[in-house]
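Q: My structure is in final37.txt, and what it holds is compact mmCIF, C-alpha atoms:
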# COMPACT_ATOMS: atom_id res chain seq x y z
CA MET A 1 0.00 0.00 0.00
CA ALA A 2 1.34 3.42 -0.88
CA GLY A 3 2.25 5.94 1.75
CA GLN A 4 3.02 3.69 4.70
CA PHE A 5 4.76 5.38 7.59
CA LYS A 6 8.05 4.21 9.00
CA TYR A 7 8.26 4.18 12.77
CA GLY A 8 11.29 5.28 14.72
CA VAL A 9 12.35 6.38 18.17
CA SER A 10 14.57 9.27 19.12
CA LEU A 11 16.84 8.53 22.04
CA TYR A 12 16.03 12.11 23.07
CA SER A 13 12.84 10.57 24.45
CA TYR A 14 14.93 9.05 27.22
CA THR A 15 16.65 12.30 28.21
CA GLU A 16 15.69 11.94 31.88
CA ASP A 17 17.04 8.38 31.94
CA PHE A 18 20.12 8.52 29.76
CA GLY A 19 23.40 8.77 31.61
CA SER A 20 22.01 7.99 35.05
CA ILE A 21 19.83 4.92 34.77
CA MET A 22 20.15 4.12 31.06
CA THR A 23 23.08 3.20 28.87
CA LEU A 24 23.22 3.35 25.08
CA GLU A 25 22.63 -0.41 25.05
CA ASP A 26 19.48 0.01 27.15
CA GLY A 27 18.25 2.80 24.86
CA PHE A 28 18.60 0.61 21.78
CA ASP A 29 16.78 -2.22 23.54
CA HIS A 30 13.84 -0.02 24.52
CA ALA A 31 13.62 1.60 21.08
CA ALA A 32 13.79 -1.69 19.17
CA ASP A 33 11.18 -3.39 21.33
CA THR A 34 8.56 -0.91 20.11
CA GLY A 35 8.90 -2.50 16.68
CA ALA A 36 10.62 0.61 15.37
CA THR A 37 12.91 0.26 12.39
CA GLY A 38 14.81 3.50 12.87
CA ILE A 39 16.76 5.20 15.59
CA GLU A 40 17.39 8.92 15.95
CA ILE A 41 20.05 10.45 18.18
CA LEU A 42 21.54 13.72 19.32
CA GLY A 43 25.16 13.76 18.22
CA GLU A 44 26.37 15.71 21.23
CA THR A 45 24.47 13.51 23.67
CA HIS A 46 24.68 9.97 22.44
CA VAL A 47 28.02 9.79 20.65
CA GLU A 48 30.84 9.22 23.10
CA CYS A 49 33.83 11.46 22.37
CA TYR A 50 31.72 13.52 19.96
CA PRO A 51 32.60 14.59 17.33
CA GLU A 52 35.43 12.07 17.00
CA PRO A 53 34.24 8.73 18.38
CA THR A 54 36.85 6.04 18.91
CA SER A 55 36.98 2.96 16.71
CA GLN A 56 35.83 0.94 19.74
CA TRP A 57 32.75 3.12 20.05
CA LEU A 58 32.05 2.82 16.33
CA ASP A 59 32.20 -0.97 16.66
CA ARG A 60 29.73 -0.73 19.52
CA TRP A 61 27.43 1.51 17.46
CA PHE A 62 27.34 -0.74 14.41
CA GLY A 63 27.03 -3.81 16.64
CA LEU A 64 23.94 -2.33 18.27
CA LEU A 65 22.38 -1.43 14.91
CA ASP A 66 22.92 -5.01 13.71
CA GLN A 67 21.75 -6.63 16.91
CA HIS A 68 18.53 -4.63 17.04
CA LYS A 69 17.92 -4.36 13.28
CA LEU A 70 17.64 -0.59 13.50
CA GLU A 71 18.69 1.90 10.84
CA PRO A 72 20.07 5.31 11.73
CA THR A 73 17.51 7.92 10.74
CA ASN A 74 18.22 11.47 11.88
CA MET A 75 21.11 12.93 13.82
CA CYS A 76 20.36 16.16 15.64
CA SER A 77 23.04 18.81 15.67
CA TRP A 78 23.47 22.45 16.64
CA VAL A 79 24.98 25.45 14.93
CA ASP A 80 25.88 27.43 18.02
CA THR A 81 25.87 30.87 16.47
CA LYS A 82 26.38 32.40 19.93
CA LEU A 83 29.24 30.16 20.90
CA ARG A 84 31.04 33.29 22.04
CA LEU A 85 29.28 35.74 24.29
CA GLY A 86 28.31 38.87 22.36
CA GLN A 87 29.72 37.69 19.04
CA GLN A 88 28.08 35.77 16.21
CA LEU A 89 29.65 32.99 14.20
CA THR A 90 30.68 33.89 10.67
CA VAL A 91 29.22 32.08 7.66
CA GLU A 92 32.46 30.09 7.39
CA GLU A 93 32.31 29.08 11.04
CA GLY A 94 28.67 28.08 10.66
CA ALA A 95 29.57 25.98 7.63
CA ALA A 96 32.34 24.33 9.66
CA GLU A 97 29.82 23.35 12.34
CA LEU A 98 27.62 21.77 9.67
CA GLU A 99 30.54 20.03 8.01
CA ARG A 100 31.67 18.55 11.33
CA ASP A 101 28.22 17.02 11.84
CA LEU A 102 27.70 15.91 8.25
CA ARG A 103 30.94 13.96 8.45
CA LEU A 104 29.96 12.35 11.74
CA ALA A 105 26.41 11.59 10.55
CA HIS A 106 27.85 9.97 7.45
CA ARG A 107 30.27 7.83 9.47
CA LEU A 108 27.39 6.60 11.60
CA GLY A 109 25.11 5.90 8.64
CA PHE A 110 22.50 8.66 9.09
CA LYS A 111 20.41 9.93 6.18
CA PHE A 112 19.09 13.10 7.83
CA LEU A 113 20.85 15.83 9.78
CA ARG A 114 18.86 18.30 11.85
CA PRO A 115 20.86 21.42 12.59
CA LYS A 116 19.42 23.76 15.20
CA PHE A 117 20.50 27.26 14.19
CA GLY A 118 20.86 29.98 16.76
CA VAL A 119 18.25 32.74 16.57
CA ILE A 120 18.54 36.51 16.67
CA ASP A 121 15.25 37.71 18.14
CA ALA A 122 12.15 36.86 20.13
CA GLN A 123 10.39 35.86 16.89
CA LEU A 124 12.98 33.07 16.65
CA THR A 125 14.38 34.31 13.34
CA PRO A 126 17.31 32.04 12.54
CA ASP A 127 20.67 33.78 12.38
CA PRO A 128 21.00 34.96 8.75
CA ILE A 129 24.27 33.08 8.37
CA TRP A 130 22.25 29.88 8.08
CA SER A 131 21.67 30.08 4.33
CA GLY A 132 25.27 30.86 3.40
CA ALA A 133 26.50 28.18 5.76
CA VAL A 134 24.14 25.55 4.38
CA GLU A 135 24.93 26.50 0.80
CA ARG A 136 28.61 25.88 1.46
CA VAL A 137 27.99 22.27 2.54
CA LEU A 138 25.31 21.24 0.05
CA ASP A 139 27.80 19.44 -2.17
CA LEU A 140 29.13 17.50 0.79
CA ALA A 141 25.60 16.58 1.86
CA ASN A 142 24.92 15.44 -1.69
CA THR A 143 28.05 13.29 -1.72
CA PHE A 144 26.95 11.71 1.55
CA ASP A 145 23.32 11.42 0.43
CA ILE A 146 22.20 13.25 3.57
CA VAL A 147 19.23 15.61 3.76
CA ILE A 148 19.80 18.61 6.03
CA CYS A 149 16.51 19.45 7.65
CA PRO A 150 15.99 22.30 10.09
CA GLU A 151 13.21 21.74 12.55
CA ILE A 152 9.91 23.58 12.64
CA HIS A 153 9.30 23.54 16.36
CA SER A 154 6.86 25.26 18.70
CA PRO A 155 6.51 28.20 19.19
CA THR A 156 7.35 28.61 15.47
CA PRO A 157 4.25 27.73 13.41
CA ILE A 158 4.12 26.55 9.80
CA ARG A 159 3.12 30.00 8.58
CA HIS A 160 6.22 31.87 9.69
CA PRO A 161 8.96 33.85 7.90
CA ALA A 162 11.57 31.28 8.97
CA VAL A 163 9.67 28.52 7.17
CA GLU A 164 9.23 30.73 4.11
CA GLY A 165 12.96 31.36 4.15
CA TYR A 166 13.74 27.65 4.19
CA ILE A 167 11.28 26.97 1.35
CA ASP A 168 12.70 29.85 -0.71
CA PHE A 169 16.13 28.32 -0.23
CA ILE A 170 14.94 24.93 -1.50
CA GLU A 171 13.31 26.55 -4.53
CA ARG A 172 16.24 28.85 -5.28
CA THR A 173 18.96 26.20 -5.05
CA GLY A 174 16.92 23.30 -6.40
CA THR A 175 18.81 21.12 -3.94
CA PRO A 176 17.52 17.68 -2.95
CA ASN A 177 19.64 17.89 0.22
CA PHE A 178 17.68 20.47 2.20
CA ARG A 179 14.14 19.90 3.45
CA LEU A 180 12.00 20.58 6.50
CA LEU A 181 11.61 18.57 9.67
CA ILE A 182 8.27 18.97 11.42
CA ASP A 183 8.03 18.59 15.18
CA THR A 184 4.44 17.62 15.97
CA GLY A 185 4.52 19.79 19.07
CA ILE A 186 3.33 22.63 16.79
CA PHE A 187 -0.08 20.91 16.67
CA GLN A 188 -0.47 20.81 20.45
CA ASN A 189 -3.88 22.28 21.28
CA ARG A 190 -4.42 21.36 24.92
CA PRO A 191 -2.32 22.49 27.87
CA LEU A 192 0.37 20.43 29.51
CA LYS A 193 -0.36 19.51 33.09
CA GLY A 194 2.28 19.84 35.74
CA TRP A 195 4.99 20.19 33.17
CA GLN A 196 8.28 21.84 33.97
CA HIS A 197 9.94 23.83 31.22
CA GLU A 198 13.24 25.63 31.27
CA VAL A 199 11.48 28.76 29.96
CA PRO A 200 10.46 30.69 33.10
CA GLU A 201 6.85 31.24 34.03
CA GLY A 202 5.64 34.67 33.02
CA ASP A 203 7.73 34.73 29.85
CA SER A 204 5.66 35.26 26.71
CA ASP A 205 6.91 31.95 25.29
CA HIS A 206 5.98 30.07 28.45
CA ALA A 207 2.24 30.24 27.83
CA LYS A 208 2.72 29.13 24.21
CA LEU A 209 4.82 26.17 25.29
CA ILE A 210 2.38 25.14 28.02
CA ASN A 211 -0.86 25.71 26.11
CA GLY A 212 0.39 24.85 22.64
CA ILE A 213 0.27 26.98 19.50
CA ALA A 214 -2.42 24.78 17.94
CA VAL A 215 -1.36 24.86 14.31
CA ASP A 216 -4.20 23.41 12.22
CA PRO A 217 -2.93 20.01 11.00
CA GLU A 218 -4.47 20.79 7.58
CA GLU A 219 -1.72 23.37 7.09
CA PHE A 220 0.71 20.48 6.73
CA LEU A 221 -0.70 19.92 3.25
CA ASP A 222 0.65 23.32 2.14
CA ILE A 223 4.25 22.32 2.88
CA ALA A 224 4.09 18.53 2.64
CA LYS A 225 6.29 18.35 -0.43
CA TYR A 226 9.10 20.03 1.47
CA VAL A 227 8.94 17.77 4.53
CA ALA A 228 11.48 14.96 4.86
CA PHE A 229 11.17 13.87 8.48
CA ILE A 230 8.74 14.06 11.36
CA GLN A 231 9.66 14.15 15.01
CA ALA A 232 6.57 12.71 16.64
CA LYS A 233 6.70 14.95 19.70
CA PHE A 234 4.31 14.08 22.52
CA HIS A 235 4.01 14.70 26.25
CA TYR A 236 1.55 12.28 27.77
CA ILE A 237 -0.43 9.27 26.56
CA ASN A 238 -2.97 8.29 29.20
CA ASP A 239 -4.16 4.84 30.28
CA ASP A 240 -6.79 4.89 27.53
CA LEU A 241 -4.06 5.39 24.93
CA GLN A 242 -5.23 8.94 24.29
CA CYS A 243 -2.70 11.71 23.83
CA GLU A 244 -3.84 14.48 26.14
CA ASN A 245 -2.21 17.37 24.30
CA ILE A 246 -1.77 16.71 20.58
CA PRO A 247 -4.63 15.81 18.21
CA TRP A 248 -3.16 12.70 16.59
CA ASP A 249 -6.58 11.67 15.28
CA LYS A 250 -6.39 14.80 13.07
CA ILE A 251 -2.67 14.64 12.28
CA ILE A 252 -2.39 11.04 11.08
CA PRO A 253 -5.13 11.34 8.42
CA VAL A 254 -3.53 14.54 7.11
CA LEU A 255 -0.13 12.87 6.83
CA LYS A 256 -1.78 9.96 5.01
CA ARG A 257 -3.60 12.27 2.61
CA ALA A 258 -0.32 14.04 1.93
CA GLY A 259 1.19 10.68 1.01
CA PHE A 260 3.85 11.01 3.67
CA ASP A 261 5.87 7.79 3.78
CA GLY A 262 8.83 8.88 5.86
CA TYR A 263 9.63 8.43 9.50
CA LEU A 264 7.52 9.24 12.50
CA SER A 265 10.25 9.33 15.10
CA SER A 266 8.95 9.33 18.67
CA GLU A 267 10.09 12.23 20.75
CA TYR A 268 8.76 12.06 24.27
CA GLU A 269 9.03 15.38 26.12
CA GLY A 270 6.76 15.00 29.10
CA ALA A 271 7.29 14.92 32.85
CA ARG A 272 10.92 15.44 33.64
CA GLU A 273 11.38 12.28 35.67
CA PRO A 274 13.28 9.10 35.05
CA TRP A 275 11.49 5.82 34.35
CA VAL A 276 8.55 7.44 32.57
CA ALA A 277 9.55 7.64 28.92
CA ILE A 278 10.13 3.96 28.28
CA ASP A 279 6.45 3.02 28.50
CA GLN A 280 5.20 6.35 27.14
CA VAL A 281 7.03 5.70 23.88
CA ARG A 282 5.48 2.23 23.68
CA ARG A 283 2.02 3.71 24.20
CA GLN A 284 2.58 6.28 21.48
CA HIS A 285 3.58 3.60 19.01
CA VAL A 286 0.40 1.64 19.68
CA MET A 287 -1.66 4.81 19.24
CA MET A 288 0.00 5.91 16.00
CA ARG A 289 -0.11 2.45 14.46
CA ARG A 290 -3.78 2.10 15.35
CA LEU A 291 -4.65 5.42 13.76
CA GLU A 292 -2.73 4.53 10.62
CA ALA A 293 -4.44 1.13 10.41
CA GLU A 294 -7.85 2.76 10.87
CA TYR A 295 -7.15 5.21 8.08
CA ASP A 296 -5.92 2.45 5.79
CA ALA A 297 -8.96 0.29 6.53
CA ALA A 298 -11.33 3.16 5.81
CA HIS A 299 -9.60 3.92 2.52
CA ALA A 300 -8.85 0.37 1.39
CA ASP A 301 -11.35 0.59 -1.47
CA THR A 302 -9.98 3.88 -2.74
CA ALA A 303 -6.41 2.60 -2.54
CA GLY A 304 -7.28 -0.53 -4.48
CA ALA A 305 -9.23 1.30 -7.18
CA MET B 306 26.98 6.92 35.63
CA TYR B 307 25.46 10.08 37.00
CA GLU B 308 23.27 10.35 40.01
CA TYR B 309 19.94 11.57 38.63
CA GLN B 310 20.05 14.93 40.39
CA LEU B 311 22.07 17.85 39.00
CA ILE B 312 23.98 18.12 42.29
CA GLN B 313 25.84 14.90 42.93
CA ALA B 314 26.18 13.54 46.47
CA THR B 315 29.68 12.30 45.89
CA GLY B 316 32.17 15.08 45.29
CA PHE B 317 30.62 17.46 47.82
CA ARG B 318 33.70 18.19 49.88
CA ASN B 319 36.03 20.82 51.24
CA TYR B 320 39.10 21.81 49.27
CA GLY B 321 42.45 23.38 50.16
CA PRO B 322 44.89 22.43 52.94
CA VAL B 323 43.20 20.50 55.76
CA GLU B 324 44.23 23.10 58.35
CA ALA B 325 43.08 26.02 56.21
CA ARG B 326 40.26 24.99 53.90
CA GLU B 327 39.74 27.42 51.03
CA GLY B 328 36.28 26.43 50.03
CA VAL B 329 33.77 23.82 49.03
CA GLU B 330 33.44 21.77 45.86
CA VAL B 331 29.99 20.97 44.49
CA ARG B 332 30.04 18.23 41.87
CA LEU B 333 27.50 18.52 39.06
CA ARG B 334 26.37 16.39 36.20
CA LEU B 335 26.28 18.15 32.83
CA PRO B 336 23.66 20.91 33.23
CA ASN B 337 22.23 20.33 29.76
CA TYR B 338 20.62 17.52 27.79
CA ARG B 339 23.35 17.73 25.20
CA GLY B 340 27.11 17.90 25.51
CA MET B 341 28.24 21.48 25.10
CA ARG B 342 31.23 23.62 24.63
CA LEU B 343 32.19 25.21 27.90
CA SER B 344 31.77 28.75 26.58
CA LEU B 345 28.00 28.08 26.59
CA LEU B 346 28.09 27.86 30.38
CA ASP B 347 28.16 31.33 31.85
CA GLY B 348 29.14 30.41 35.37
CA VAL B 349 27.27 28.77 38.25
CA ASP B 350 25.56 30.48 41.19
CA VAL B 351 25.71 28.48 44.42
CA THR B 352 23.84 28.95 47.69
CA ILE B 353 24.96 26.92 50.69
CA ASP B 354 22.88 27.02 53.88
CA GLY B 355 21.43 30.32 52.70
CA GLU B 356 24.78 31.96 51.89
CA PHE B 357 24.98 33.09 48.25
CA PHE B 358 28.11 32.75 46.10
CA SER B 359 27.91 34.45 42.72
CA TYR B 360 28.76 32.90 39.36
CA GLU B 361 31.29 35.70 39.02
CA ILE B 362 33.47 34.35 41.82
CA ASN B 363 32.86 30.61 41.63
CA LYS B 364 35.18 28.59 39.42
CA LEU B 365 34.67 25.30 37.63
CA ARG B 366 36.96 22.31 37.47
CA LEU B 367 36.46 20.13 34.42
CA HIS B 368 38.81 17.37 33.27
CA GLY B 369 41.30 18.55 35.90
CA GLU B 370 41.46 22.13 34.59
CA VAL B 371 40.14 25.06 36.61
CA TYR B 372 38.22 27.82 34.81
CA ASP B 373 37.19 31.19 36.20
CA LEU B 374 34.33 33.01 34.49
CA GLU B 375 36.52 34.67 31.90
CA ALA B 376 38.30 31.42 31.06
CA MET B 377 34.95 29.67 30.78
CA ARG B 378 33.69 32.27 28.32
CA ASP B 379 36.83 31.75 26.24
CA ALA B 380 36.61 27.95 26.31
CA THR B 381 35.07 27.53 22.86
CA THR B 382 36.96 24.33 22.14
CA VAL B 383 36.51 22.58 25.50
CA ARG B 384 33.63 20.13 25.61
CA TRP B 385 31.63 19.19 28.68
CA ALA B 386 30.26 15.87 27.47
CA VAL B 387 27.44 13.72 28.83
CA GLY B 388 28.99 11.57 31.55
CA ASP B 389 31.64 14.12 32.58
CA PHE B 390 31.50 15.55 36.07
CA GLY B 391 32.24 19.22 36.68
CA SER B 392 32.99 20.58 40.13
CA VAL B 393 32.06 24.11 41.11
CA LEU B 394 34.70 25.59 43.41
CA VAL B 395 33.00 27.85 45.93
CA PRO B 396 35.39 30.13 47.84
CA LYS B 397 34.38 29.82 51.48
CA ALA B 398 37.29 30.21 53.84
CA GLY B 399 37.36 27.40 56.40
CA GLY B 400 35.09 25.22 54.31
CA LEU B 401 32.06 23.49 55.77
CA ALA B 402 31.70 21.39 58.90
CA PRO B 403 31.01 17.68 58.41
CA GLY B 404 27.30 17.08 58.30
CA ILE B 405 24.27 17.79 56.16
CA HIS B 406 24.00 21.06 54.25
CA HIS B 407 21.41 22.65 52.05
CA VAL B 408 22.83 23.30 48.59
CA LYS B 409 21.31 25.18 45.67
CA VAL B 410 22.88 25.80 42.29
CA ALA B 411 21.90 27.68 39.16
CA ALA B 412 24.05 26.72 36.19
CA ARG B 413 23.70 29.61 33.74
CA THR B 414 23.46 27.83 30.41
CA ARG B 415 23.25 29.62 27.07
CA SER B 416 21.27 27.95 24.30
CA PRO B 417 21.78 29.94 21.09
CA TYR B 418 18.47 28.70 19.68
CA PHE B 419 16.55 30.29 22.55
CA PRO B 420 15.44 33.91 22.14
CA PRO B 421 18.08 36.41 23.29
CA HIS B 422 16.14 37.45 26.40
CA LEU B 423 16.29 33.87 27.68
CA GLN B 424 20.05 33.61 27.59
CA PRO B 425 21.43 32.46 29.85
CA LEU B 426 18.77 30.31 31.45
CA PRO B 427 19.49 28.88 34.87
CA VAL B 428 19.49 25.11 35.14
CA ASN B 429 18.57 24.66 38.77
CA GLY B 430 19.35 22.04 41.35
CA GLU B 431 18.68 21.89 45.07
CA ARG B 432 19.25 19.18 47.64
CA LEU B 433 20.58 18.21 51.02
CA ALA B 434 24.15 17.02 50.65
CA THR B 435 26.65 15.67 53.12
CA ILE B 436 30.16 16.83 53.90
CA VAL B 437 32.04 13.85 55.31
CA LEU B 438 35.50 15.17 56.22
CA PRO B 439 36.38 18.54 57.74
Show this structure as structure tokens.
A:
Amino acid sequence: MAGQFKYGVSLYSYTEDFGSIMTLEDGFDHAADTGATGIEILGETHVECYPEPTSQWLDRWFGLLDQHKLEPTNMCSWVDTKLRLGQQLTVEEGAAELERDLRLAHRLGFKFLRPKFGVIDAQLTPDPIWSGAVERVLDLANTFDIVICPEIHSPTPIRHPAVEGYIDFIERTGTPNFRLLIDTGIFQNRPLKGWQHEVPEGDSDHAKLINGIAVDPEEFLDIAKYVAFIQAKFHYINDDLQCENIPWDKIIPVLKRAGFDGYLSSEYEGAREPWVAIDQVRRQHVMMRRLEAEYDAAHADTAGA
Amino acid sequence: MYEYQLIQATGFRNYGPVEAREGVEVRLRLPNYRGMRLSLLDGVDVTIDGEFFSYEINKLRLHGEVYDLEAMRDATTVRWAVGDFGSVLVPKAGGLAPGIHHVKVAARTRSPYFPPHLQPLPVNGERLATIVLP
């Protein structure tokens, strides 16, 4: 059947566990047991001796991929434009950050690289060096067959100058190596309960992050052709397998209608406590698979026609 | 492996000559979910039993090197990785008496992808911790 999702897990989901009660081996075990076929990581978190892992670590990495039959999906990276206090990175320095991570992602077998660019204002406008920096590494990304995909993440909605800028870049360069990554947190339309965020209470972004910016899932259709990867952000799946904050029953049918057949990579970002994420990710996978199956069943006739 | 809390129980100790302690070390896990270059940490505020010690005077020991605030801001090639411990050196002449103390820290972390008015953001920790030796 056309347009089947691929299911993955980001080890970011286990942020509250990793390093204190969870090893890399544990993370792979938990991710694989959901039935996922792909694993997503944060380079600076999950790669020992980043950005130059030892050969022993690389053996461990490829051993785990083999053992658990997981493929590397997306590696998250950062372009720390404010690495120095009060001074921005130059275009060349930004390109060097991207090149460093493209090379690492390629060594580890990733097909997507998500750079998080620094921003310059409260509207979260990415530092203007981003386009020059990306342009300088497009050939390298092409050689490595890696798609660089910046993340559209709450509180930045789909209809935003930053997204327009990324789409203009794709159109202008005609590159196949730059696309969008959508974080499903932008669709959150019900408030988080008892959630701690690093953004202080009272800040204008705090309310957006707690209540959600409630982007209409239908808007995905406007940009679907530019989207390469989806981080399936969620915060809490209750005992009835209902997500309490994000309208998955609206999102999944839209993704299906758009013909999306890439990864839904679980990204749990709920209560900041250890021992919670492992089962939350499992619940989300049941929920997403159910919704996809329901859509497919309802459209079986159309698909076969 | 880290203890779950930001402030680690082990590593909370006096430093300096035994007869003339210079201060107190507070061992932390990485105050971020991702490894970071040290220049993204803009010092650490510490409060011990209600006494405040500013990020401007506290130093940090990482991988055996000691950084004051200026050195930290210049450390654009030093990485504090997941799994590494960092110890905040709090200048408190005489150190602390053995026993249980109330410790609070705010690790001032800069995330360039956060809006400018939210940089740095404090990563906070608070706990009771035990000094074993004088």
Q: One decimal, Å: what's the distance from atom CA of His30 of chain A over to atom CA of Ile230 of chain A, could you say?
A: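 Separation of atom CA of His30 of chain A and atom CA of Ile230 of chain A: 19.9 Å.
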Q: Edge lengths and centre in Å to one decimal, as JSON, is what I'm after for the box along x, y and z that holds all listed atoms of segment 389-394 of chain B once 5 Å is added on each side.
A:
{"center_x": 33.1, "center_y": 19.9, "center_z": 38.0, "size_x": 13.2, "size_y": 21.5, "size_z": 20.8}
Q: Closest to Leu423 of chain B among A:Leu291, A:Ile120, A:Ile223, A:Ile213, using all atoms listed in the file?
A: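 For Leu423 of chain B, the nearest of the candidates is A:Ile120.
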Q: For a cut-off of 7 Å around (24.9, 22.5, 55.4), file coordinates, pick out all residues using only C-alpha atoms and list them as a PyMOL selection string.
A: chain B and resi 353-354+404-407
Q: Produce a file of the selected residues containing C-alpha atoms, as a PDB file, in the coordinates of the input.
A:
ATOM      1  CA  ILE B 353      24.960  26.920  50.690  1.00  0.00           C
ATOM      2  CA  ASP B 354      22.880  27.020  53.880  1.00  0.00           C
ATOM      3  CA  GLY B 404      27.300  17.080  58.300  1.00  0.00           C
ATOM      4  CA  ILE B 405      24.270  17.790  56.160  1.00  0.00           C
ATOM      5  CA  HIS B 406      24.000  21.060  54.250  1.00  0.00           C
ATOM      6  CA  HIS B 407      21.410  22.650  52.050  1.00  0.00           C
TER       7      HIS B 407
END
Q: In Å to one decimal, how far is atom CA of Asp139 of chain A from atom CA of Asp168 of chain A?
A: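 Interatomic distance, atom CA of Asp168 of chain A to atom CA of Asp139 of chain A: 18.4 Å.
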Q: What lies within 12 Å of Leu335 of chain B using all atoms listed in the file, ignoring chain neighbours under 6 positions off, as a PyMOL selection string?
A: (chain A and resi 18-20+44-45) or (chain B and resi 306-313+341-343+345-346+349+367+384-393+412-414+428-430)
Q: I need the residue nearest chain A from this list: B:Leu438, B:Val408, B:Leu401, B:Val383. Use only C-alpha atoms for the distance.
A: B:Val383
Q: Quick one: of B:Ser344, B:Thr435, B:Thr352, B:Thr382, who's nearest to chain A, counting only C-alpha atoms?
A: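 Residue with the minimum atom-to-atom distance to chain A: B:Ser344.
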Q: Using all atoms listed in the file, find the one residue out of A:Gly63, A:Pro217, A:Pro161, A:Pro51 that sits nearest to chain B.
A: A:Pro51
